[in-house]
file target.txt (compact mmCIF, C-alpha atoms)
# COMPACT_ATOMS: atom_id res chain seq x y z
CA MET A 1 104.12 107.38 120.23
CA ASP A 2 106.49 107.84 123.16
CA ARG A 3 105.03 110.67 125.20
CA ARG A 4 108.11 111.07 127.41
CA LEU A 5 109.65 113.13 124.63
CA PHE A 6 107.13 115.90 125.20
CA LEU A 7 107.44 116.58 128.92
CA SER A 8 108.75 120.06 128.15
CA ALA A 9 105.18 120.95 127.25
CA GLY A 10 104.69 121.20 131.01
CA ALA A 11 101.13 122.07 131.89
CA ALA A 12 99.68 120.60 128.73
CA LEU A 13 100.90 117.13 129.52
CA ALA A 14 100.47 117.42 133.27
CA ALA A 15 96.77 116.89 132.71
CA THR A 16 97.13 114.00 130.31
CA ALA A 17 100.31 111.96 130.53
CA VAL A 18 100.63 109.42 133.33
CA LEU A 19 104.20 108.23 133.66
CA PRO A 20 105.59 105.45 135.85
CA GLY A 21 105.10 106.04 139.56
CA PRO A 22 102.41 104.98 142.01
CA THR A 23 100.09 102.56 140.25
CA ALA A 24 96.55 101.46 140.91
CA ALA A 25 96.09 98.04 142.47
CA ALA A 26 95.33 95.18 140.10
CA ALA A 27 94.94 92.33 142.56
CA ASP A 28 93.06 90.14 140.08
CA LEU A 29 95.97 90.08 137.62
CA ALA A 30 99.09 87.91 137.50
CA LYS A 31 102.21 88.09 135.38
CA LEU A 32 101.77 86.81 131.86
CA PRO A 33 103.45 83.40 131.56
CA ASN A 34 106.30 82.38 129.29
CA ALA A 35 108.34 85.56 129.52
CA PRO A 36 111.27 85.34 127.07
CA PRO A 37 114.82 85.20 128.47
CA PRO A 38 117.00 88.32 128.56
CA ILE A 39 119.54 89.01 125.84
CA THR A 40 122.53 86.72 126.38
CA PRO A 41 126.18 87.79 126.64
CA GLN A 42 126.80 85.74 123.51
CA GLU A 43 124.29 87.81 121.54
CA ARG A 44 125.85 91.05 122.76
CA ALA A 45 129.28 89.76 121.71
CA ALA A 46 127.86 88.96 118.26
CA ARG A 47 126.52 92.54 118.07
CA ILE A 48 130.00 93.91 118.73
CA ASP A 49 131.41 91.59 116.09
CA LYS A 50 128.84 92.86 113.56
CA ALA A 51 129.63 96.46 114.47
CA GLN A 52 133.32 95.79 113.87
CA ARG A 53 132.58 94.28 110.46
CA LEU A 54 130.55 97.35 109.54
CA MET A 55 133.31 99.61 110.83
CA ARG A 56 135.87 97.90 108.60
CA ALA A 57 133.56 98.26 105.62
CA GLN A 58 133.01 101.96 106.37
CA GLY A 59 136.64 102.81 107.18
CA ILE A 60 136.02 103.56 110.86
CA SER A 61 138.75 102.81 113.40
CA ALA A 62 136.73 103.10 116.60
CA LEU A 63 133.21 104.00 117.75
CA LEU A 64 132.35 106.17 120.79
CA VAL A 65 129.09 105.34 122.60
CA GLU A 66 127.56 107.16 125.58
CA PRO A 67 124.96 105.78 128.06
CA GLY A 68 121.56 105.12 126.59
CA ALA A 69 119.98 102.46 124.43
CA SER A 70 123.06 101.90 122.27
CA LEU A 71 125.31 101.33 125.29
CA ILE A 72 122.78 98.84 126.64
CA TYR A 73 122.55 97.21 123.22
CA PHE A 74 126.27 96.56 122.90
CA THR A 75 127.43 96.16 126.51
CA GLY A 76 124.41 95.63 128.76
CA VAL A 77 125.47 98.64 130.87
CA HIS A 78 122.48 100.56 132.22
CA TRP A 79 123.72 104.00 133.17
CA GLY A 80 122.52 107.59 133.12
CA ARG A 81 124.16 110.58 131.49
CA SER A 82 125.64 113.33 133.61
CA GLU A 83 128.53 115.76 133.46
CA ARG A 84 130.76 112.83 134.56
CA LEU A 85 131.44 110.84 131.42
CA THR A 86 130.85 107.13 131.26
CA ALA A 87 131.32 105.75 127.76
CA ALA A 88 132.34 102.76 125.70
CA VAL A 89 134.78 102.67 122.81
CA ILE A 90 134.43 99.84 120.31
CA PRO A 91 137.66 99.42 118.31
CA VAL A 92 137.66 98.02 114.81
CA GLU A 93 139.11 94.84 116.29
CA GLY A 94 139.72 93.47 119.75
CA GLU A 95 138.17 94.04 123.15
CA ILE A 96 136.16 97.17 123.89
CA LEU A 97 136.97 99.89 126.41
CA VAL A 98 134.64 101.20 129.11
CA VAL A 99 135.60 104.51 130.73
CA THR A 100 133.90 105.62 133.94
CA PRO A 101 134.61 107.66 137.08
CA PHE A 102 136.67 105.75 139.67
CA PHE A 103 133.92 105.80 142.27
CA GLU A 104 131.33 104.53 139.78
CA GLU A 105 133.27 101.48 138.58
CA PRO A 106 131.65 98.90 140.89
CA SER A 107 128.16 100.08 139.92
CA VAL A 108 128.94 100.12 136.19
CA ARG A 109 130.36 96.60 136.37
CA GLU A 110 127.09 95.29 137.81
CA SER A 111 125.37 95.37 134.41
CA LEU A 112 128.42 94.97 132.14
CA ALA A 113 127.57 91.88 130.09
CA VAL A 114 130.55 91.58 127.71
CA GLY A 115 134.29 91.30 128.03
CA ALA A 116 135.81 94.77 128.28
CA GLU A 117 138.76 96.67 129.63
CA VAL A 118 137.52 99.14 132.23
CA ARG A 119 139.59 102.26 132.87
CA THR A 120 138.67 104.82 135.49
CA TRP A 121 139.33 108.52 135.92
CA GLN A 122 139.50 110.72 138.99
CA GLU A 123 137.54 113.92 139.51
CA HIS A 124 140.43 116.19 138.49
CA GLU A 125 141.19 114.23 135.29
CA ASP A 126 139.90 114.49 131.72
CA PRO A 127 138.09 111.29 130.70
CA LEU A 128 138.52 112.12 127.01
CA ALA A 129 142.28 112.22 127.51
CA LEU A 130 141.94 108.71 128.91
CA VAL A 131 140.04 107.62 125.79
CA ALA A 132 142.62 109.28 123.55
CA GLY A 133 145.48 107.55 125.34
CA TRP A 134 143.84 104.17 124.93
CA LEU A 135 143.36 104.82 121.20
CA ARG A 136 147.01 105.84 120.85
CA GLU A 137 148.09 102.59 122.46
CA ARG A 138 146.19 100.78 119.74
CA LYS A 139 147.53 103.03 116.98
CA LEU A 140 144.04 104.31 116.19
CA ALA A 141 144.59 107.93 117.21
CA ALA A 142 145.02 109.19 113.65
CA GLY A 143 142.16 107.20 112.20
CA VAL A 144 138.47 107.85 111.66
CA ILE A 145 136.54 107.83 114.94
CA GLY A 146 132.82 107.20 114.62
CA VAL A 147 130.47 108.89 117.08
CA GLU A 148 127.10 107.35 117.98
CA GLU A 149 124.53 109.91 116.89
CA THR A 150 123.23 110.85 120.36
CA VAL A 151 126.65 111.50 121.93
CA ARG A 152 126.78 114.98 123.46
CA TYR A 153 128.86 117.78 122.01
CA PHE A 154 131.18 118.17 125.00
CA ALA A 155 132.36 114.57 124.52
CA VAL A 156 132.91 115.02 120.79
CA ASP A 157 134.71 118.32 121.31
CA GLY A 158 136.86 116.91 124.11
CA LEU A 159 137.88 113.88 122.07
CA GLN A 160 138.80 116.04 119.07
CA ARG A 161 140.96 118.29 121.27
CA ASN A 162 142.78 115.25 122.61
CA LEU A 163 143.11 113.64 119.17
CA PRO A 164 143.99 116.50 116.78
CA ASP A 165 145.04 114.08 114.04
CA ALA A 166 141.86 112.02 114.13
CA THR A 167 138.83 112.51 111.93
CA LEU A 168 135.56 112.40 113.85
CA ARG A 169 132.34 111.64 112.01
CA SER A 170 128.95 110.11 112.55
CA GLY A 171 128.87 106.44 113.40
CA ALA A 172 125.14 106.20 112.70
CA GLY A 173 125.71 103.87 109.78
CA VAL A 174 127.32 101.33 112.09
CA VAL A 175 124.85 101.62 114.96
CA ARG A 176 121.78 101.69 112.75
CA GLY A 177 123.17 98.80 110.74
CA CYS A 178 123.08 96.75 113.94
CA ARG A 179 120.08 98.04 115.89
CA MET A 180 117.58 98.41 113.03
CA ILE A 181 117.61 94.66 112.39
CA LYS A 182 116.16 92.88 115.42
CA SER A 183 117.15 89.34 116.29
CA PRO A 184 114.61 86.62 117.16
CA ALA A 185 115.41 87.20 120.85
CA GLU A 186 114.62 90.91 120.51
CA ILE A 187 111.42 90.21 118.61
CA ALA A 188 110.32 87.82 121.35
CA LEU A 189 110.84 90.46 124.06
CA MET A 190 108.93 93.06 122.03
CA GLN A 191 106.13 90.58 121.45
CA HIS A 192 105.84 89.93 125.19
CA ALA A 193 105.75 93.67 125.88
CA ALA A 194 102.94 94.07 123.33
CA ASP A 195 101.03 91.14 124.84
CA ILE A 196 101.24 92.76 128.27
CA THR A 197 99.98 96.09 126.95
CA VAL A 198 97.04 94.46 125.17
CA ALA A 199 96.15 92.53 128.34
CA ALA A 200 96.36 95.76 130.35
CA TYR A 201 93.98 97.44 127.90
CA ARG A 202 91.53 94.58 128.31
CA HIS A 203 91.67 95.09 132.06
CA THR A 204 91.41 98.88 131.91
CA VAL A 205 88.81 99.72 129.26
CA PRO A 206 85.83 98.03 130.99
CA ARG A 207 86.72 99.95 134.16
CA ILE A 208 86.44 103.40 132.59
CA GLU A 209 83.63 105.33 134.27
CA ARG A 210 81.87 108.62 133.70
CA GLY A 211 83.75 111.52 135.32
CA MET A 212 87.14 109.83 135.39
CA THR A 213 90.17 111.98 134.58
CA PRO A 214 93.16 111.01 132.45
CA ARG A 215 95.13 110.33 135.63
CA ASP A 216 92.43 107.99 136.91
CA ILE A 217 92.49 105.92 133.73
CA GLY A 218 96.28 106.04 133.42
CA ALA A 219 96.70 104.78 136.97
CA ILE A 220 94.53 101.75 136.22
CA MET A 221 96.48 101.06 133.03
CA ASN A 222 99.89 101.40 134.67
CA GLY A 223 98.81 99.26 137.61
CA ALA A 224 97.63 96.52 135.29
CA THR A 225 100.82 96.73 133.24
CA LYS A 226 102.96 96.33 136.33
CA ALA A 227 100.91 93.42 137.64
CA LEU A 228 101.16 91.66 134.26
CA GLY A 229 104.96 91.84 134.32
CA GLY A 230 105.77 94.95 132.29
CA GLU A 231 107.50 98.14 133.31
CA PRO A 232 105.09 101.01 132.53
CA GLU A 233 106.62 103.58 130.19
CA PHE A 234 103.77 105.99 129.51
CA ALA A 235 99.99 106.24 129.53
CA LEU A 236 98.72 109.18 127.52
CA ILE A 237 94.96 109.56 127.93
CA LEU A 238 93.11 112.13 125.80
CA LEU A 239 89.42 112.80 126.39
CA GLY A 240 86.90 114.53 124.15
CA GLU A 241 88.29 117.44 122.15
CA ALA A 242 91.79 116.79 123.54
CA SER A 243 91.92 113.69 121.32
CA ALA A 244 92.13 116.00 118.29
CA TYR A 245 95.61 117.09 119.40
CA PRO A 246 98.07 114.19 119.11
CA HIS A 247 99.98 115.04 122.30
CA GLY A 248 97.14 116.44 124.34
CA SER A 249 95.80 119.62 125.84
CA GLY A 250 96.15 121.42 129.15
CA LYS A 251 92.41 121.89 129.48
CA PRO A 252 90.61 119.95 132.24
CA GLN A 253 89.28 116.65 130.96
CA ALA A 254 86.80 114.08 132.23
CA VAL A 255 85.00 111.13 130.70
CA ARG A 256 81.63 112.17 129.29
CA ASP A 257 78.87 110.31 127.47
CA GLY A 258 79.32 110.21 123.72
CA GLU A 259 82.90 111.52 123.77
CA VAL A 260 86.10 109.98 122.49
CA VAL A 261 88.60 108.30 124.81
CA LEU A 262 92.02 108.01 123.13
CA MET A 263 94.62 105.93 124.98
CA ASP A 264 98.29 105.70 123.95
CA CYS A 265 100.21 103.35 126.25
CA GLY A 266 103.36 101.27 126.37
CA CYS A 267 105.70 99.28 128.57
CA THR A 268 109.10 97.63 128.48
CA VAL A 269 110.29 94.08 128.96
CA GLU A 270 114.05 93.82 129.48
CA GLY A 271 114.20 97.32 127.99
CA TYR A 272 112.31 96.46 124.79
CA GLN A 273 109.25 98.59 124.18
CA SER A 274 105.62 98.32 123.20
CA ASP A 275 103.58 101.24 121.90
CA ILE A 276 99.85 100.70 121.31
CA SER A 277 96.97 103.18 120.92
CA ARG A 278 93.27 102.48 121.18
CA THR A 279 90.34 104.84 120.58
CA LEU A 280 86.81 104.25 121.83
CA VAL A 281 83.69 106.24 122.65
CA PHE A 282 82.19 106.25 126.11
CA GLY A 283 78.62 105.32 125.35
CA GLU A 284 77.15 105.14 121.86
CA PRO A 285 79.35 106.45 119.02
CA THR A 286 77.85 108.91 116.59
CA LYS A 287 77.67 108.19 112.88
CA ARG A 288 80.55 110.63 112.31
CA GLN A 289 82.73 109.05 114.99
CA ARG A 290 82.13 105.62 113.48
CA MET A 291 82.97 106.87 110.00
CA VAL A 292 86.27 108.47 111.01
CA TRP A 293 87.23 105.41 113.11
CA ASP A 294 86.64 103.13 110.11
CA GLN A 295 88.56 105.46 107.78
CA MET A 296 91.52 105.56 110.14
CA ARG A 297 91.47 101.78 110.55
CA ARG A 298 91.57 101.43 106.77
CA GLY A 299 94.50 103.85 106.63
CA GLN A 300 96.36 101.69 109.14
CA GLN A 301 95.67 98.61 107.04
CA ILE A 302 96.88 100.34 103.88
CA ALA A 303 100.16 101.09 105.66
CA PHE A 304 100.46 97.43 106.69
CA GLU A 305 99.74 96.19 103.17
CA THR A 306 102.23 98.64 101.63
CA ALA A 307 105.04 97.71 104.05
CA GLN A 308 106.51 94.89 101.99
CA LEU A 309 110.12 93.76 101.79
CA GLY A 310 112.22 95.98 99.55
CA VAL A 311 109.76 98.88 99.62
CA GLU A 312 111.17 102.29 100.59
CA ALA A 313 109.89 103.21 104.06
CA GLY A 314 108.62 106.56 102.79
CA ARG A 315 106.25 104.83 100.38
CA VAL A 316 104.19 103.59 103.32
CA ASP A 317 103.44 107.17 104.37
CA ASP A 318 102.75 108.15 100.76
CA ALA A 319 100.14 105.39 100.35
CA VAL A 320 98.22 106.43 103.46
CA ARG A 321 98.17 110.11 102.48
CA ARG A 322 96.87 109.29 99.01
CA TYR A 323 93.98 107.41 100.58
CA TYR A 324 93.21 110.15 103.11
CA GLU A 325 93.32 112.83 100.43
CA SER A 326 90.81 110.79 98.38
CA LEU A 327 88.46 111.15 101.36
CA GLY A 328 88.92 114.92 101.49
CA TYR A 329 91.48 115.12 104.29
CA GLY A 330 94.69 117.15 104.07
CA PRO A 331 96.32 117.50 101.69
CA ASP A 332 99.71 116.59 103.11
CA TYR A 333 99.89 117.37 106.84
CA ARG A 334 96.99 119.81 106.88
CA LEU A 335 94.04 119.28 109.18
CA PRO A 336 91.55 117.72 109.29
CA GLY A 337 93.76 114.73 108.47
CA THR A 338 96.96 113.24 109.77
CA SER A 339 99.47 115.82 110.95
CA HIS A 340 102.35 113.45 111.76
CA ARG A 341 104.27 110.63 110.09
CA THR A 342 102.59 107.26 109.65
CA GLY A 343 104.99 105.47 111.99
CA HIS A 344 108.37 105.29 113.68
CA GLY A 345 110.99 102.66 114.32
CA ILE A 346 110.87 100.99 117.72
CA GLY A 347 113.04 98.71 119.86
CA LEU A 348 115.11 99.61 122.91
CA ASP A 349 114.02 103.19 122.23
CA GLY A 350 110.37 104.09 121.78
CA HIS A 351 111.37 106.07 118.69
CA GLU A 352 114.24 104.71 116.59
CA PRO A 353 115.39 105.18 113.01
CA VAL A 354 113.93 104.75 110.49
CA ASN A 355 110.42 106.15 110.11
CA PHE A 356 107.43 105.72 107.85
CA VAL A 357 107.71 109.28 106.60
CA ARG A 358 107.82 110.99 103.22
CA GLY A 359 111.21 110.87 101.54
CA GLU A 360 112.69 108.03 103.64
CA THR A 361 114.50 105.81 101.13
CA THR A 362 115.64 103.00 103.43
CA ARG A 363 114.21 99.76 102.08
CA LEU A 364 112.31 97.45 104.37
CA ALA A 365 114.14 94.28 105.40
CA PRO A 366 113.50 91.36 107.76
CA GLY A 367 113.96 92.30 111.40
CA MET A 368 112.92 95.95 111.08
CA CYS A 369 110.20 97.09 113.51
CA PHE A 370 107.79 100.02 113.19
CA SER A 371 104.67 101.57 114.64
CA ASP A 372 101.69 101.93 112.31
CA GLU A 373 99.56 104.90 113.48
CA PRO A 374 98.20 107.27 110.81
CA GLY A 375 95.73 109.04 113.10
CA ILE A 376 92.98 111.34 111.82
CA TYR A 377 92.50 114.57 113.78
CA ILE A 378 89.62 117.06 113.50
CA PRO A 379 90.47 120.23 115.48
CA GLY A 380 87.69 121.35 117.79
CA GLU A 381 85.96 117.96 117.63
CA PHE A 382 87.94 114.76 118.20
CA GLY A 383 90.74 112.56 116.93
CA ILE A 384 91.01 108.86 116.19
CA ARG A 385 94.30 107.01 116.52
CA LEU A 386 94.91 103.30 116.40
CA GLU A 387 98.54 102.31 116.84
CA ASP A 388 99.95 98.84 116.47
CA CYS A 389 103.54 97.84 115.82
CA ILE A 390 104.79 95.50 113.15
CA HIS A 391 107.97 93.59 112.46
CA MET A 392 109.22 92.57 109.06
CA THR A 393 109.55 88.83 108.51
CA PRO A 394 110.96 87.01 105.45
CA GLN A 395 107.33 86.73 104.32
CA GLY A 396 106.45 90.39 104.93
CA PRO A 397 104.95 92.43 107.79
CA LYS A 398 103.52 90.82 110.92
CA TRP A 399 101.59 92.53 113.72
CA PHE A 400 102.90 92.56 117.28
CA SER A 401 99.34 93.45 118.33
CA VAL A 402 96.38 92.79 116.05
CA PRO A 403 94.30 95.95 115.50
CA PRO A 404 90.62 95.94 116.53
CA ASP A 405 88.05 95.61 113.77
CA SER A 406 85.33 97.86 115.19
CA ILE A 407 84.85 100.91 117.37
CA ASP A 408 82.40 98.74 119.32
CA ARG A 409 85.18 96.24 120.13
CA PRO A 410 88.16 98.56 120.72
CA VAL A 411 90.27 96.00 122.62
call {"tool": "encode", "arguments": {"input": "target.txt", "output": "structure tokens"}}
result
Amino acid sequence: MDRRLFLSAGAALAATAVLPGPTAAAADLAKLPNAPPPITPQERAARIDKAQRLMRAQGISALLVEPGASLIYFTGVHWGRSERLTAAVIPVEGEILVVTPFFEEPSVRESLAVGAEVRTWQEHEDPLALVAGWLRERKLAAGVIGVEETVRYFAVDGLQRNLPDATLRSGAGVVRGCRMIKSPAEIALMQHAADITVAAYRHTVPRIERGMTPRDIGAIMNGATKALGGEPEFALILLGEASAYPHGSGKPQAVRDGEVVLMDCGCTVEGYQSDISRTLVFGEPTKRQRMVWDQMRRGQQIAFETAQLGVEAGRVDDAVRRYYESLGYGPDYRLPGTSHRTGHGIGLDGHEPVNFVRGETTRLAPGMCFSDEPGIYIPGEFGIRLEDCIHMTPQGPKWFSVPPDSIDRPV
């Protein structure tokens, strides 16, 4: 789970989520060896070619993409969103367009990794008029313009005003058709990110001490992650009763004997993400804690076993809920039980389409990547969540990180 999405919770997460920033020293650690190479310009060019094939099949003339994971995916450009539009337009054939403010052009070019025409606009000009003019030059102004699904409304509205004869619609089918299927190079980067996170857990867990706060533990984890060669993304630490609430509690927390420590942490390598959760007990687990841990671990394994090629993604969630309901949890999303989906897609974004969730009909195919995390939460007591990501191979699912087999050996 990517905890950055929940910063609006303010005080609740202030006590639990440790995000990148100052990190604890980890002088005894070194970078993990054999880091995979970055994505090559040739692979990015092949991605654009695939997008154009999908566009032709779907009757789309051009695709508008704003900064974010999809812009990185296709162009390599790392850029933030602001009121000043930077965007790419992928035409159904030929070289792409990158539009950016005049004074930002040198900075944008620094990470541009594919051939592209770059056009700039001045502060008094309308960047969407610039996009529209470029599309007119290519006789695409009256066609169907696809819009990447996270593009902001002002960009969509501005393009429509400048292209009254065009039809604007979602380009999700094109983008998802590319990004959902990871290449071997992407899988290798995600594997390295997972290896770093597992190694950071192995460094951190033995250093947990009585009285530590979530920030104390998160700082150790982030420091280890950085030293091992990853870029820390999040470290959500939930202690005691707070572990019963998937995204934490604003109540003061400290490590206490016999209480649950739930850690949900991840990093990036060349932008590709890991997302791994581990749950342990500080001291000796109770019989009830052991039972729920084992039940949750079995639920995770059922999800893994159900996630076979050709199976609808929603069936994975269905299988876990049937098992949990047989144990007396739920039904459905009711508590005690699992109150969230079984897993989410993952890649350049911590959460990507599609999900292991009821009703999702997308069929599993080689190259798809998911988290597997059907946590069990008991309000007022504790929660247990193990989270490991998988990728679909031609032979079926494969773990990025192998789950632990016992609450006594959590990492």
call {"tool": "atom_distance", "arguments": {"input": "target.txt", "atom1": "CA of Val108 (chain A)", "atom2": "CA of Trp79 (chain A)"}}
result
7.2 Å
call {"tool": "closest_residue", "arguments": {"input": "target.txt", "among": "A:Ala194, A:Leu71, A:Ile302, A:Ala57", "to": "Asp388 (chain A)", "atoms": "all atoms listed in the file"}}
result
A:Ala194
call {"tool": "closest_residue", "arguments": {"input": "target.txt", "among": "A:Trp134, A:Trp399, A:Trp293, A:Trp121", "to": "Thr100 (chain A)", "atoms": "only C-alpha atoms"}}
result
A:Trp121
call {"tool": "residues_around", "arguments": {"input": "target.txt", "residues": "region 363-375 of chain A", "least_positions_apart": "3", "cutoff": "8 Å", "atoms": "only C-alpha atoms", "output": "ChimeraX atom specification"}}
result
/A:180-183,187,275,296,299-300,303-304,307-313,320,337-338,340-347,355-356,383-394,396
call {"tool": "write_last_selection", "arguments": {"input": "target.txt", "atoms": "C-alpha atoms", "output": "short mmCIF file (atom, residue, chain, number, x, y, z; two decimals), keeping the file's coordinate frame"}}
result
data_model
loop_
_atom_site.label_atom_id
_atom_site.label_comp_id
_atom_site.auth_asym_id
_atom_site.auth_seq_id
_atom_site.Cartn_x
_atom_site.Cartn_y
_atom_site.Cartn_z
CA MET A 180 117.58 98.41 113.03
CA ILE A 181 117.61 94.66 112.39
CA LYS A 182 116.16 92.88 115.42
CA SER A 183 117.15 89.34 116.29
CA ILE A 187 111.42 90.21 118.61
CA ASP A 275 103.58 101.24 121.90
CA MET A 296 91.52 105.56 110.14
CA GLY A 299 94.50 103.85 106.63
CA GLN A 300 96.36 101.69 109.14
CA ALA A 303 100.16 101.09 105.66
CA PHE A 304 100.46 97.43 106.69
CA ALA A 307 105.04 97.71 104.05
CA GLN A 308 106.51 94.89 101.99
CA LEU A 309 110.12 93.76 101.79
CA GLY A 310 112.22 95.98 99.55
CA VAL A 311 109.76 98.88 99.62
CA GLU A 312 111.17 102.29 100.59
CA ALA A 313 109.89 103.21 104.06
CA VAL A 320 98.22 106.43 103.46
CA GLY A 337 93.76 114.73 108.47
CA THR A 338 96.96 113.24 109.77
CA HIS A 340 102.35 113.45 111.76
CA ARG A 341 104.27 110.63 110.09
CA THR A 342 102.59 107.26 109.65
CA GLY A 343 104.99 105.47 111.99
CA HIS A 344 108.37 105.29 113.68
CA GLY A 345 110.99 102.66 114.32
CA ILE A 346 110.87 100.99 117.72
CA GLY A 347 113.04 98.71 119.86
CA ASN A 355 110.42 106.15 110.11
CA PHE A 356 107.43 105.72 107.85
CA GLY A 383 90.74 112.56 116.93
CA ILE A 384 91.01 108.86 116.19
CA ARG A 385 94.30 107.01 116.52
CA LEU A 386 94.91 103.30 116.40
CA GLU A 387 98.54 102.31 116.84
CA ASP A 388 99.95 98.84 116.47
CA CYS A 389 103.54 97.84 115.82
CA ILE A 390 104.79 95.50 113.15
CA HIS A 391 107.97 93.59 112.46
CA MET A 392 109.22 92.57 109.06
CA THR A 393 109.55 88.83 108.51
CA PRO A 394 110.96 87.01 105.45
CA GLY A 396 106.45 90.39 104.93
#
call {"tool": "residues_around", "arguments": {"input": "target.txt", "residues": "Arg109 (chain A)", "least_positions_apart": "5", "cutoff": "9 Å", "atoms": "all atoms listed in the file", "output": "number ranges by chain"}}
result
A: 77, 104, 118
call {"tool": "residues_near_point", "arguments": {"input": "target.txt", "point": "(92.9, 93.8, 124.3)", "cutoff": "10 Å", "atoms": "all atoms listed in the file", "output": "PDB file with C-alpha atoms, in the coordinates of the input"}}
result
ATOM      1  CA  ASP A 195     101.030  91.140 124.840  1.00  0.00           C
ATOM      2  CA  ILE A 196     101.240  92.760 128.270  1.00  0.00           C
ATOM      3  CA  THR A 197      99.980  96.090 126.950  1.00  0.00           C
ATOM      4  CA  VAL A 198      97.040  94.460 125.170  1.00  0.00           C
ATOM      5  CA  ALA A 199      96.150  92.530 128.340  1.00  0.00           C
ATOM      6  CA  ALA A 200      96.360  95.760 130.350  1.00  0.00           C
ATOM      7  CA  TYR A 201      93.980  97.440 127.900  1.00  0.00           C
ATOM      8  CA  ARG A 202      91.530  94.580 128.310  1.00  0.00           C
ATOM      9  CA  HIS A 203      91.670  95.090 132.060  1.00  0.00           C
ATOM     10  CA  THR A 204      91.410  98.880 131.910  1.00  0.00           C
ATOM     11  CA  VAL A 205      88.810  99.720 129.260  1.00  0.00           C
ATOM     12  CA  ARG A 278      93.270 102.480 121.180  1.00  0.00           C
ATOM     13  CA  SER A 401      99.340  93.450 118.330  1.00  0.00           C
ATOM     14  CA  VAL A 402      96.380  92.790 116.050  1.00  0.00           C
ATOM     15  CA  PRO A 403      94.300  95.950 115.500  1.00  0.00           C
ATOM     16  CA  PRO A 404      90.620  95.940 116.530  1.00  0.00           C
ATOM     17  CA  ARG A 409      85.180  96.240 120.130  1.00  0.00           C
ATOM     18  CA  PRO A 410      88.160  98.560 120.720  1.00  0.00           C
ATOM     19  CA  VAL A 411      90.270  96.000 122.620  1.00  0.00           C
TER      20      VAL A 411
END
call {"tool": "closest_residue", "arguments": {"input": "target.txt", "among": "A:Ser107, A:Thr213, A:Ser249, A:Gln273", "to": "Ala69 (chain A)", "atoms": "all atoms listed in the file"}}
result
A:Gln273
call {"tool": "atom_distance", "arguments": {"input": "target.txt", "atom1": "CA of Met55 (chain A)", "atom2": "CA of Val92 (chain A)"}}
result
6.1 Å
call {"tool": "residues_around", "arguments": {"input": "target.txt", "residues": "Asp332 (chain A)", "least_positions_apart": "5", "cutoff": "10 Å", "atoms": "all atoms listed in the file", "output": "list in words"}}
result
Asp318, Arg321, Arg322, Tyr324, Glu325, Gly337, Thr338, Ser339, His340 and Arg358 of chain A
call {"tool": "residues_around", "arguments": {"input": "target.txt", "residues": "Asp294 (chain A)", "least_positions_apart": "6", "cutoff": "9 Å", "atoms": "all atoms listed in the file", "output": "PDB file with C-alpha atoms, in the coordinates of the input"}}
result
ATOM      1  CA  ASP A 405      88.050  95.610 113.770  1.00  0.00           C
ATOM      2  CA  SER A 406      85.330  97.860 115.190  1.00  0.00           C
ATOM      3  CA  ILE A 407      84.850 100.910 117.370  1.00  0.00           C
TER       4      ILE A 407
END
call {"tool": "build_atoms", "arguments": {"input": "target.txt", "residues": "region 345-355 of chain A", "atoms": "N, CA and C atoms", "output": "PDB file, in the frame of the given file"}}
result
ATOM      1  N   GLY A 345     110.302 103.858 113.880  1.00  0.00           N
ATOM      2  CA  GLY A 345     110.990 102.660 114.320  1.00  0.00           C
ATOM      3  C   GLY A 345     110.860 102.489 115.820  1.00  0.00           C
ATOM      4  N   ILE A 346     111.020 101.263 116.305  1.00  0.00           N
ATOM      5  CA  ILE A 346     110.870 100.990 117.720  1.00  0.00           C
ATOM      6  C   ILE A 346     111.749  99.801 118.104  1.00  0.00           C
ATOM      7  N   GLY A 347     112.194  99.794 119.346  1.00  0.00           N
ATOM      8  CA  GLY A 347     113.040  98.710 119.860  1.00  0.00           C
ATOM      9  C   GLY A 347     113.387  99.000 121.298  1.00  0.00           C
ATOM     10  N   LEU A 348     114.681  99.173 121.575  1.00  0.00           N
ATOM     11  CA  LEU A 348     115.110  99.610 122.910  1.00  0.00           C
ATOM     12  C   LEU A 348     114.678 101.044 123.172  1.00  0.00           C
ATOM     13  N   ASP A 349     114.586 101.848 122.127  1.00  0.00           N
ATOM     14  CA  ASP A 349     114.020 103.190 122.230  1.00  0.00           C
ATOM     15  C   ASP A 349     112.593 103.158 121.694  1.00  0.00           C
ATOM     16  N   GLY A 350     111.730 103.994 122.279  1.00  0.00           N
ATOM     17  CA  GLY A 350     110.370 104.090 121.780  1.00  0.00           C
ATOM     18  C   GLY A 350     110.322 104.616 120.368  1.00  0.00           C
ATOM     19  N   HIS A 351     111.247 105.528 120.038  1.00  0.00           N
ATOM     20  CA  HIS A 351     111.370 106.070 118.690  1.00  0.00           C
ATOM     21  C   HIS A 351     112.791 105.815 118.214  1.00  0.00           C
ATOM     22  N   GLU A 352     112.933 105.016 117.169  1.00  0.00           N
ATOM     23  CA  GLU A 352     114.240 104.710 116.590  1.00  0.00           C
ATOM     24  C   GLU A 352     114.195 104.937 115.088  1.00  0.00           C
ATOM     25  N   PRO A 353     115.358 105.168 114.471  1.00  0.00           N
ATOM     26  CA  PRO A 353     115.390 105.180 113.010  1.00  0.00           C
ATOM     27  C   PRO A 353     115.072 103.762 112.502  1.00  0.00           C
ATOM     28  N   VAL A 354     114.402 103.647 111.327  1.00  0.00           N
ATOM     29  CA  VAL A 354     113.930 104.750 110.490  1.00  0.00           C
ATOM     30  C   VAL A 354     112.430 104.870 110.643  1.00  0.00           C
ATOM     31  N   ASN A 355     111.842 105.852 109.956  1.00  0.00           N
ATOM     32  CA  ASN A 355     110.420 106.150 110.110  1.00  0.00           C
ATOM     33  C   ASN A 355     109.649 105.902 108.819  1.00  0.00           C
TER      34      ASN A 355
END
